[in-house]
>>> print(open('work33.txt').read())   # compact mmCIF, C-alpha atoms
# COMPACT_ATOMS: atom_id res chain seq x y z
CA MET A 1 37.09 -12.41 56.42
CA THR A 2 35.44 -14.44 53.66
CA ARG A 3 37.76 -17.03 52.18
CA LEU A 4 38.53 -17.09 48.45
CA HIS A 5 36.05 -19.09 46.38
CA SER A 6 33.51 -19.50 49.14
CA LEU A 7 30.55 -20.04 46.77
CA SER A 8 29.60 -23.20 44.87
CA SER A 9 27.51 -23.95 41.79
CA ALA A 10 24.96 -25.78 43.95
CA PHE A 11 24.63 -22.78 46.26
CA LEU A 12 24.04 -20.40 43.32
CA LYS A 13 21.09 -22.43 42.08
CA SER A 14 19.23 -22.13 45.39
CA ALA A 15 20.65 -18.87 46.72
CA LYS A 16 18.24 -16.57 48.51
CA PRO A 17 17.88 -12.90 47.56
CA GLY A 18 20.82 -10.85 48.76
CA LYS A 19 24.53 -10.27 48.14
CA HIS A 20 26.84 -13.26 48.55
CA ASN A 21 30.64 -12.89 48.69
CA ASP A 22 32.89 -15.30 46.80
CA GLY A 23 36.04 -13.58 48.05
CA SER A 24 38.58 -11.07 46.72
CA GLY A 25 35.84 -8.61 45.80
CA LEU A 26 33.64 -10.93 43.70
CA TRP A 27 30.00 -10.78 44.74
CA PHE A 28 26.93 -12.70 43.63
CA HIS A 29 23.82 -10.51 43.79
CA LYS A 30 20.54 -12.45 43.79
CA ARG A 31 17.55 -10.19 43.23
CA ALA A 32 14.08 -10.62 44.68
CA ASP A 33 12.64 -11.10 41.19
CA GLY A 34 14.79 -14.23 40.71
CA GLY A 35 17.43 -12.67 38.49
CA ALA A 36 21.09 -12.48 39.45
CA GLN A 37 24.33 -10.87 38.36
CA TRP A 38 28.01 -10.78 39.23
CA VAL A 39 29.69 -7.65 40.64
CA LEU A 40 33.39 -7.04 41.23
CA ARG A 41 34.41 -4.59 43.93
CA VAL A 42 37.92 -3.17 43.81
CA VAL A 43 39.79 -0.19 45.28
CA VAL A 44 41.59 2.04 42.78
CA HIS A 45 43.66 5.01 44.00
CA GLY A 46 41.89 4.84 47.34
CA ARG A 47 38.44 4.85 45.81
CA ARG A 48 36.06 1.87 45.69
CA ARG A 49 34.82 0.91 42.24
CA GLU A 50 32.15 -1.59 41.24
CA MET A 51 31.78 -3.18 37.83
CA GLY A 52 29.26 -5.69 36.56
CA LEU A 53 30.62 -8.89 35.12
CA GLY A 54 27.40 -10.20 33.58
CA GLY A 55 24.21 -11.93 34.53
CA TYR A 56 23.77 -15.41 35.95
CA PRO A 57 23.41 -18.10 34.61
CA ALA A 58 24.75 -16.70 31.29
CA VAL A 59 28.00 -16.09 33.17
CA GLY A 60 28.66 -19.11 35.38
CA LEU A 61 30.77 -19.32 38.51
CA LYS A 62 33.97 -20.38 36.71
CA ASP A 63 33.67 -17.60 34.10
CA ALA A 64 32.91 -14.99 36.76
CA ARG A 65 36.03 -15.92 38.71
CA SER A 66 38.14 -15.78 35.53
CA LEU A 67 36.80 -12.33 34.62
CA ALA A 68 37.35 -11.09 38.17
CA SER A 69 40.96 -12.27 38.04
CA GLN A 70 41.57 -10.45 34.73
CA TRP A 71 40.17 -7.15 36.01
CA ARG A 72 42.03 -7.40 39.32
CA GLU A 73 45.24 -7.56 37.30
CA GLN A 74 44.39 -4.13 35.91
CA VAL A 75 44.17 -2.82 39.45
CA ILE A 76 47.60 -4.26 40.22
CA LEU A 77 48.90 -2.34 37.18
CA GLY A 78 47.39 0.84 38.62
CA ASN A 79 44.53 1.06 36.11
CA ASP A 80 40.85 1.65 36.74
CA PRO A 81 39.20 -1.48 35.29
CA VAL A 82 35.92 0.35 34.65
CA LYS A 83 37.69 2.98 32.53
CA VAL A 84 39.77 0.34 30.76
CA ARG A 85 36.64 -1.58 29.79
CA ASN A 86 34.78 1.56 28.67
CA ASN A 87 37.72 2.62 26.51
CA ALA A 88 37.82 -0.84 24.96
CA LEU A 89 34.11 -0.67 24.17
CA ARG A 90 34.50 2.75 22.54
CA GLU A 91 37.41 1.49 20.46
CA ALA A 92 35.37 -1.53 19.41
CA ALA A 93 32.55 0.77 18.37
CA ARG A 94 34.94 2.82 16.26
CA ASN A 95 36.14 -0.36 14.58
CA ASP A 96 32.63 -1.73 14.12
CA HIS A 97 32.43 -2.64 10.46
CA LEU A 98 29.07 -4.39 10.50
CA LEU A 99 26.98 -3.69 7.41
CA LYS A 100 24.38 -1.82 9.46
CA THR A 101 26.99 0.54 10.88
CA VAL A 102 28.64 1.20 7.51
CA ALA A 103 25.22 1.65 5.84
CA LEU A 104 24.18 4.28 8.38
CA ALA A 105 27.50 6.08 7.90
CA ALA A 106 27.06 5.99 4.11
CA PHE A 107 23.52 7.34 4.47
CA GLU A 108 24.79 10.16 6.68
CA ALA A 109 27.36 11.10 4.05
CA LYS A 110 24.73 10.92 1.30
CA LYS A 111 22.17 13.13 3.07
CA ALA A 112 23.52 16.38 1.67
CA GLU A 113 22.55 15.21 -1.84
CA LEU A 114 19.03 14.11 -0.87
CA LYS A 115 15.88 16.18 -0.63
CA GLY A 116 15.24 17.26 2.93
CA ASP A 117 18.34 15.31 4.04
CA GLY A 118 16.50 12.10 3.19
CA LYS A 119 14.00 12.59 6.01
CA ALA A 120 11.25 10.95 3.99
CA GLY A 121 13.22 7.74 4.37
CA ARG A 122 12.91 6.60 0.78
CA TRP A 123 16.66 6.37 0.19
CA PHE A 124 17.40 4.18 3.20
CA SER A 125 14.16 2.18 3.41
CA PRO A 126 15.08 -0.48 0.76
CA LEU A 127 18.14 -1.32 2.85
CA GLN A 128 16.32 -1.10 6.15
CA HIS A 129 13.45 -3.36 5.13
CA HIS A 130 15.05 -5.85 2.74
CA VAL A 131 18.81 -6.07 3.43
CA LEU A 132 19.70 -5.16 7.00
CA PRO A 133 17.32 -7.62 8.71
CA LYS A 134 19.41 -10.47 7.24
CA LEU A 135 22.85 -8.94 6.69
CA GLY A 136 22.94 -6.01 9.11
CA LYS A 137 25.06 -7.86 11.69
CA VAL A 138 27.52 -9.27 9.14
CA PRO A 139 30.88 -7.47 8.78
CA VAL A 140 30.81 -5.64 5.46
CA GLU A 141 34.16 -7.23 4.54
CA ASP A 142 32.62 -10.70 4.82
CA ILE A 143 29.65 -10.05 2.52
CA ASN A 144 29.82 -11.84 -0.83
CA GLN A 145 27.60 -12.33 -3.85
CA GLN A 146 25.90 -15.41 -2.37
CA ASP A 147 24.84 -13.44 0.72
CA ILE A 148 23.41 -10.65 -1.42
CA ALA A 149 21.65 -12.95 -3.88
CA GLU A 150 20.05 -15.04 -1.13
CA THR A 151 18.86 -11.90 0.66
CA LEU A 152 17.20 -10.30 -2.37
CA ALA A 153 15.96 -13.47 -4.07
CA VAL A 154 12.63 -13.27 -2.21
CA ILE A 155 11.74 -9.93 -3.85
CA TRP A 156 13.78 -10.12 -7.06
CA HIS A 157 10.84 -11.11 -9.25
CA ASP A 158 7.83 -9.84 -7.29
CA LYS A 159 9.18 -6.45 -6.21
CA ALA A 160 11.72 -5.82 -8.91
CA ASP A 161 11.90 -2.04 -8.53
CA THR A 162 12.42 -2.28 -4.77
CA ALA A 163 15.04 -5.00 -5.26
CA ARG A 164 16.85 -2.86 -7.82
CA LYS A 165 16.91 0.10 -5.42
CA ALA A 166 18.14 -2.10 -2.58
CA LEU A 167 20.94 -3.41 -4.79
CA ASN A 168 21.93 0.10 -5.91
CA ARG A 169 21.94 1.40 -2.33
CA LEU A 170 23.99 -1.60 -1.20
CA ASN A 171 26.48 -0.91 -3.97
CA LEU A 172 26.96 2.63 -2.65
CA VAL A 173 27.40 1.27 0.88
CA MET A 174 30.06 -1.18 -0.33
CA LYS A 175 31.88 1.66 -2.11
CA TYR A 176 31.70 3.72 1.08
CA GLY A 177 33.23 0.79 2.98
CA ALA A 178 36.04 0.61 0.43
CA ALA A 179 36.61 4.37 0.88
CA MET A 180 37.00 3.66 4.62
CA GLY A 181 39.91 1.41 3.73
CA LEU A 182 38.04 -1.85 4.31
CA ASP A 183 38.71 -4.94 2.24
CA VAL A 184 35.31 -4.96 0.53
CA ASP A 185 34.44 -7.00 -2.55
CA LEU A 186 33.29 -4.25 -4.93
CA GLY A 187 32.41 -6.85 -7.54
CA ALA A 188 29.93 -8.62 -5.27
CA ILE A 189 26.96 -6.60 -6.54
CA ALA A 190 27.57 -7.44 -10.22
CA LYS A 191 28.16 -11.10 -9.35
CA ALA A 192 24.96 -11.15 -7.27
CA LYS A 193 23.03 -9.85 -10.29
CA ALA A 194 24.42 -12.72 -12.34
CA LEU A 195 23.27 -15.20 -9.70
CA LEU A 196 19.81 -13.67 -9.47
CA GLY A 197 19.29 -13.68 -13.23
CA LYS A 198 16.88 -11.55 -15.21
CA SER A 199 13.81 -10.46 -13.31
CA ARG A 200 10.50 -11.87 -14.53
CA HIS A 201 8.72 -8.78 -13.27
CA ARG A 202 7.09 -6.65 -15.95
CA PRO A 203 6.87 -3.03 -14.85
CA GLN A 204 3.46 -1.43 -15.25
CA ASN A 205 2.87 2.23 -15.87
CA ILE A 206 0.68 4.19 -13.48
CA PRO A 207 -2.89 4.01 -14.88
CA SER A 208 -4.01 7.25 -16.51
CA LEU A 209 -7.16 8.67 -18.03
CA HIS A 210 -7.24 9.04 -21.79
CA TRP A 211 -6.92 12.72 -22.61
CA LYS A 212 -10.41 12.60 -24.14
CA ALA A 213 -11.85 11.53 -20.77
CA VAL A 214 -10.12 14.26 -18.76
CA PRO A 215 -12.77 16.99 -19.35
CA ALA A 216 -15.56 14.84 -17.89
CA PHE A 217 -13.48 14.04 -14.82
CA TYR A 218 -12.48 17.68 -14.44
CA GLU A 219 -16.11 18.74 -14.59
CA SER A 220 -16.95 16.23 -11.84
CA LEU A 221 -14.59 18.09 -9.49
CA SER A 222 -17.34 20.62 -8.90
CA GLU A 223 -16.94 21.16 -5.15
CA VAL A 224 -14.83 24.09 -4.02
CA THR A 225 -12.84 22.04 -1.54
CA ILE A 226 -9.11 21.65 -1.06
CA THR A 227 -8.98 18.16 -2.59
CA HIS A 228 -11.08 19.07 -5.64
CA LEU A 229 -9.14 22.29 -6.24
CA ALA A 230 -5.80 20.52 -5.80
CA LEU A 231 -6.75 17.90 -8.38
CA ARG A 232 -7.91 20.60 -10.79
CA LEU A 233 -4.62 22.46 -10.55
CA LEU A 234 -2.68 19.20 -10.84
CA ILE A 235 -4.46 18.41 -14.11
CA LEU A 236 -4.02 21.93 -15.49
CA THR A 237 -0.30 22.20 -14.76
CA GLY A 238 0.96 18.64 -15.29
CA VAL A 239 3.27 18.82 -12.28
CA ARG A 240 4.05 15.98 -9.88
CA THR A 241 1.99 15.67 -6.72
CA ASN A 242 4.88 16.61 -4.44
CA ALA A 243 5.30 19.99 -6.12
CA LEU A 244 1.51 20.55 -6.16
CA ARG A 245 1.14 19.77 -2.45
CA HIS A 246 3.81 22.32 -1.49
CA ILE A 247 2.66 25.20 -3.68
CA SER A 248 2.64 28.53 -1.83
CA PHE A 249 1.78 32.09 -2.78
CA SER A 250 5.45 33.07 -2.50
CA GLN A 251 6.13 30.82 -5.50
CA ILE A 252 3.57 32.54 -7.76
CA GLN A 253 4.34 35.71 -9.69
CA ASN A 254 1.81 36.88 -12.30
CA ASN A 255 1.26 33.89 -14.63
CA THR A 256 4.32 31.94 -13.46
CA TRP A 257 4.62 29.37 -10.70
CA THR A 258 8.26 28.74 -9.80
CA VAL A 259 8.58 25.29 -8.24
CA PRO A 260 11.63 25.18 -5.90
CA ALA A 261 14.30 22.61 -6.74
CA GLN A 262 13.65 20.67 -3.54
CA TYR A 263 10.20 19.67 -4.86
CA MET A 264 11.45 18.65 -8.29
CA LYS A 265 12.40 15.07 -9.11
CA GLY A 266 16.09 14.26 -8.85
CA THR A 267 18.81 14.83 -6.28
CA LEU A 268 19.70 18.38 -5.29
CA ASP A 269 22.77 18.49 -7.48
CA LYS A 270 20.66 17.71 -10.54
CA ALA A 271 17.30 19.36 -9.85
CA SER A 272 16.72 23.09 -10.25
CA ASP A 273 13.85 25.53 -9.93
CA PHE A 274 11.22 25.05 -12.62
CA ASP A 275 8.85 27.68 -14.01
CA VAL A 276 5.32 26.45 -14.72
CA PRO A 277 3.12 28.59 -17.01
CA LEU A 278 -0.28 29.24 -15.44
CA SER A 279 -3.28 29.34 -17.73
CA LYS A 280 -6.24 31.60 -17.00
CA GLU A 281 -8.12 28.59 -15.65
CA ALA A 282 -5.21 27.69 -13.38
CA LEU A 283 -5.14 31.22 -12.00
CA ARG A 284 -8.88 30.98 -11.27
CA VAL A 285 -8.34 27.76 -9.35
CA ILE A 286 -5.60 29.46 -7.34
CA ASP A 287 -7.93 32.36 -6.52
CA LEU A 288 -10.59 29.92 -5.35
CA ALA A 289 -8.08 28.24 -3.06
CA ARG A 290 -7.04 31.49 -1.36
CA PRO A 291 -9.70 31.33 1.42
CA PHE A 292 -8.35 27.93 2.48
CA ALA A 293 -4.66 28.93 2.58
CA VAL A 294 -2.77 28.63 5.84
CA ALA A 295 0.67 30.17 6.42
CA GLY A 296 0.96 30.84 2.70
CA ASN A 297 0.35 27.21 1.70
CA LEU A 298 -2.32 27.01 -0.98
CA PHE A 299 -3.45 23.48 -0.11
CA SER A 300 -3.17 23.07 3.66
CA GLY A 301 -3.61 19.80 5.52
CA THR A 302 -6.56 19.16 7.82
CA ARG A 303 -4.29 19.23 10.87
CA LYS A 304 -1.03 20.90 9.92
CA GLY A 305 1.36 21.34 7.03
CA VAL A 306 0.15 20.64 3.50
CA ILE A 307 -2.43 18.35 1.95
CA SER A 308 -1.70 14.64 2.38
CA ASP A 309 0.14 12.80 -0.35
CA ALA A 310 -2.75 10.32 -0.50
CA ALA A 311 -5.69 12.74 -0.36
CA MET A 312 -6.14 13.00 -4.12
CA SER A 313 -5.53 9.30 -4.71
CA ARG A 314 -8.18 8.38 -2.16
CA LEU A 315 -10.74 10.53 -3.93
CA MET A 316 -10.15 8.56 -7.11
CA GLU A 317 -10.19 5.27 -5.19
CA ARG A 318 -13.56 6.12 -3.65
CA ARG A 319 -14.88 6.52 -7.18
CA ASP A 320 -13.61 3.02 -8.02
CA MET A 321 -11.11 4.44 -10.48
CA ALA A 322 -7.96 2.51 -11.36
CA GLU A 323 -6.27 5.73 -12.49
CA ARG A 324 -4.13 7.79 -10.14
CA PRO A 325 -3.25 11.53 -9.94
CA HIS A 326 0.26 11.03 -11.34
CA GLY A 327 -1.34 9.58 -14.49
CA PHE A 328 -2.59 13.01 -15.57
CA ARG A 329 0.97 13.78 -16.63
CA SER A 330 0.64 10.95 -19.14
CA SER A 331 -2.75 12.29 -20.25
CA LEU A 332 -1.18 15.69 -20.92
CA ARG A 333 1.86 14.26 -22.70
CA THR A 334 -0.28 12.11 -24.99
CA TRP A 335 -2.51 15.09 -25.81
CA LEU A 336 0.59 17.11 -26.70
CA ALA A 337 1.73 14.36 -29.06
CA GLU A 338 -1.66 13.77 -30.72
CA CYS A 339 -3.25 17.22 -30.77
CA THR A 340 -0.41 19.72 -31.12
CA ASN A 341 2.62 20.35 -33.30
CA ALA A 342 4.86 20.97 -30.31
CA PRO A 343 8.46 19.86 -30.95
CA GLU A 344 9.63 16.91 -28.88
CA ALA A 345 11.93 19.06 -26.74
CA VAL A 346 9.14 21.52 -25.94
CA ALA A 347 6.63 18.77 -25.16
CA GLU A 348 9.11 17.07 -22.85
CA SER A 349 9.89 20.36 -21.12
CA VAL A 350 6.18 20.74 -20.23
CA LEU A 351 6.66 17.80 -17.86
CA ALA A 352 10.13 19.00 -16.78
CA HIS A 353 11.72 16.06 -18.58
CA ALA A 354 15.27 16.43 -19.86
CA SER A 355 15.70 15.78 -23.58
CA GLY A 356 18.79 15.15 -25.64
CA ASN A 357 22.16 13.86 -24.47
CA LYS A 358 24.41 15.55 -21.91
CA VAL A 359 26.20 17.59 -24.56
CA VAL A 360 22.94 18.92 -26.00
CA ARG A 361 21.63 19.79 -22.53
CA ALA A 362 24.89 21.52 -21.64
CA TYR A 363 24.46 23.99 -24.51
CA LYS A 364 20.67 24.28 -24.49
CA ARG A 365 20.03 26.98 -21.89
CA THR A 366 16.27 27.36 -22.30
CA ASP A 367 13.22 25.91 -20.60
CA PHE A 368 10.93 26.86 -23.55
CA PHE A 369 8.67 28.86 -21.22
CA GLU A 370 7.30 31.12 -23.98
CA GLN A 371 6.46 28.09 -26.12
CA ARG A 372 4.89 26.25 -23.18
CA LEU A 373 2.58 29.08 -22.16
CA PRO A 374 0.20 28.89 -25.15
CA LEU A 375 0.27 25.09 -25.01
CA MET A 376 -0.89 25.14 -21.39
CA GLU A 377 -3.64 27.60 -22.32
CA ARG A 378 -4.83 25.24 -25.05
CA TRP A 379 -4.68 22.30 -22.64
CA ALA A 380 -6.82 24.25 -20.17
CA GLN A 381 -9.36 24.97 -22.90
CA HIS A 382 -9.53 21.26 -23.70
CA VAL A 383 -9.82 20.32 -20.01
CA VAL A 384 -12.79 22.60 -19.38
CA GLY A 385 -14.45 21.24 -22.49
CA ASP A 386 -14.77 24.53 -24.33
CA SER A 387 -12.60 26.89 -26.29
CA ASN A 388 -13.91 29.67 -24.05
CA VAL A 389 -12.53 28.82 -20.64
CA GLU A 390 -15.40 28.09 -18.30
CA ARG A 391 -15.54 30.08 -15.12
CA MET A 392 -15.77 28.21 -11.84
CA PRO A 393 -18.20 29.11 -9.02
CA HIS A 394 -17.20 31.54 -6.30
CA ALA A 395 -15.44 30.04 -3.31
CA ARG A 396 -17.42 28.98 -0.31
CA SER A 397 -16.35 30.15 3.13
CA SER A 398 -16.56 26.60 4.52
>>> encode(input="work33.txt", output="structure tokens")
Amino acid sequence: MTRLHSLSSAFLKSAKPGKHNDGSGLWFHKRADGGAQWVLRVVVHGRRREMGLGGYPAVGLKDARSLASQWREQVILGNDPVKVRNNALREAARNDHLLKTVALAAFEAKKAELKGDGKAGRWFSPLQHHVLPKLGKVPVEDINQQDIAETLAVIWHDKADTARKALNRLNLVMKYGAAMGLDVDLGAIAKAKALLGKSRHRPQNIPSLHWKAVPAFYESLSEVTITHLALRLLILTGVRTNALRHISFSQIQNNTWTVPAQYMKGTLDKASDFDVPLSKEALRVIDLARPFAVAGNLFSGTRKGVISDAAMSRLMERRDMAERPHGFRSSLRTWLAECTNAPEAVAESVLAHASGNKVVRAYKRTDFFEQRLPLMERWAQHVVGDSNVERMPHARSS
């Protein structure tokens, strides 16, 4: 029988591969690859159990013997030390209040309000990329304004919009932690803003073509390809690219395209379906796109799903244009202001913008569709460069 404490620190340093007994069930296992770990063997209710006590040299001889003694006491009490430790780990996980854990829980609770359950990652990414790498392993109760300010200072002036989103998301996470009953400093966000000061960043609008230059660009989209047709319809309707990419025949009825709420800007509790009037030119573009449709999607991707979010932007980049597809909404809105007598509310509704305060919007139950229809027809006439809407060539089969 091996005596208690038969191993020594000197022996461990030069031990050969194999299992070496220190006594009372404590074993030192030296592997052939040079690594080593401690294992405790005990008998519980007539059944042998083994549990790892850590790797060597992180866990030295003295610490291994101390741990072995603690777990043997559990056996004396009639407990299975492996189960006791596993239960303790699960309890620790339940009581894990690190910022990363609370942030993920807050995100999970928020998903129901986000488009597609937040799968695109845009809600969580400001936290993931700019907050959690530095503060993720800090208990949420220990986070103060200095921690937050120091974390976001590196992007506060250069990436102001991202920093603002990160701060807003963090504020929601802190509120979620408070709802969990944690002692969170809910004023830390406001105090961090005071420490950071006013951002020097000057936001820049997305570059857009002047409405007078749109007809020439539209005419240059002469190829009957998915990207050219998608850009044409984007210009004609003034919608956002996300809605345009996901257009399907099931959404089109006569001269109306009903964009589902999930593709409109805003969270699901605020967004709603939006009816887009289709001009004669827009309907022609849709007809030309029919041969390319897959599974009902008007603008299908080259591999699967719908056209890429960047496909239209890359076309403009290849032409050395600073403008981007989203800018055509600005082109349309400026044209409405300078070339039509459309009331402000109607002009804003063309772009699906809300106008007026909450009280006004609560009582105004119209989307001005009938007023928007002739405006979109006039816009189409301007875009094609003639009052008589120019017909496009017949679709190619390839």
>>> closest_residue(input="work33.txt", among="A:Asp287, A:Asp63, A:Glu113, A:Asp96", to="Lys137 in chain A", atoms="only C-alpha atoms")
A:Asp96
>>> residues_near_point(input="work33.txt", point="(12.5, 21.6, -19.5)", cutoff="7 Å", atoms="all atoms listed in the file", output="PyMOL selection string")
chain A and resi 348-350+352-354+367-368
>>> atom_distance(input="work33.txt", atom1="CA of Gly18 in chain A", atom2="CA of Val44 in chain A")
25.2 Å
>>> residues_around(input="work33.txt", residues="Arg372 in chain A", least_positions_apart="5", cutoff="12 Å", atoms="all atoms listed in the file", output="list in words")
Thr237, Gly238, Thr256, Asp275, Val276, Pro277, Leu278, Ser279, Leu336, Thr340, Asn341, Ala342, Pro343, Glu344, Ala345, Val346, Ala347, Glu348, Ser349, Val350, Leu351, Ala352, Thr366, Asp367, Glu377, Arg378 and Trp379 of chain A
>>> closest_residue(input="work33.txt", among="A:Thr162, A:Gln381, A:Gln37, A:Asn144", to="Val214 in chain A", atoms="only C-alpha atoms")
A:Gln381
>>> residues_near_point(input="work33.txt", point="(31.8, 3.0, 3.7)", cutoff="10 Å", atoms="only C-alpha atoms", output="list in words")
His97, Leu99, Thr101, Val102, Ala103, Leu104, Ala105, Ala106, Phe107, Ala109, Val140, Leu172, Val173, Met174, Lys175, Tyr176, Gly177, Ala178, Ala179, Met180, Gly181, Leu182 and Val184 of chain A
>>> atom_distance(input="work33.txt", atom1="CA of Val384 in chain A", atom2="CA of Met264 in chain A")
26.9 Å
>>> decode(input="work33.txt", residues="range 40-61 of chain A", atoms="C-alpha atoms", output="PDB file, in the first residue's frame")
ATOM      1  CA  LEU A  40      -8.638  12.094  -7.260  1.00  0.00           C
ATOM      2  CA  ARG A  41     -10.078   8.599  -7.000  1.00  0.00           C
ATOM      3  CA  VAL A  42     -12.750   7.971  -4.386  1.00  0.00           C
ATOM      4  CA  VAL A  43     -15.442   5.360  -3.715  1.00  0.00           C
ATOM      5  CA  VAL A  44     -18.974   6.690  -3.253  1.00  0.00           C
ATOM      6  CA  HIS A  45     -21.834   4.309  -2.422  1.00  0.00           C
ATOM      7  CA  GLY A  46     -19.709   1.393  -3.573  1.00  0.00           C
ATOM      8  CA  ARG A  47     -18.866   2.991  -6.897  1.00  0.00           C
ATOM      9  CA  ARG A  48     -15.462   4.388  -7.880  1.00  0.00           C
ATOM     10  CA  ARG A  49     -15.440   7.999  -9.020  1.00  0.00           C
ATOM     11  CA  GLU A  50     -12.641  10.039 -10.564  1.00  0.00           C
ATOM     12  CA  MET A  51     -12.445  13.814 -10.657  1.00  0.00           C
ATOM     13  CA  GLY A  52      -9.805  16.092 -12.093  1.00  0.00           C
ATOM     14  CA  LEU A  53      -8.247  18.583  -9.739  1.00  0.00           C
ATOM     15  CA  GLY A  54      -6.407  20.679 -12.320  1.00  0.00           C
ATOM     16  CA  GLY A  55      -3.299  20.658 -14.422  1.00  0.00           C
ATOM     17  CA  TYR A  56       0.305  20.724 -13.262  1.00  0.00           C
ATOM     18  CA  PRO A  57       2.186  23.019 -12.666  1.00  0.00           C
ATOM     19  CA  ALA A  58      -0.772  25.456 -12.392  1.00  0.00           C
ATOM     20  CA  VAL A  59      -1.914  23.317  -9.463  1.00  0.00           C
ATOM     21  CA  GLY A  60       1.143  22.421  -7.402  1.00  0.00           C
ATOM     22  CA  LEU A  61       1.622  19.501  -5.045  1.00  0.00           C
TER      23      LEU A  61
END
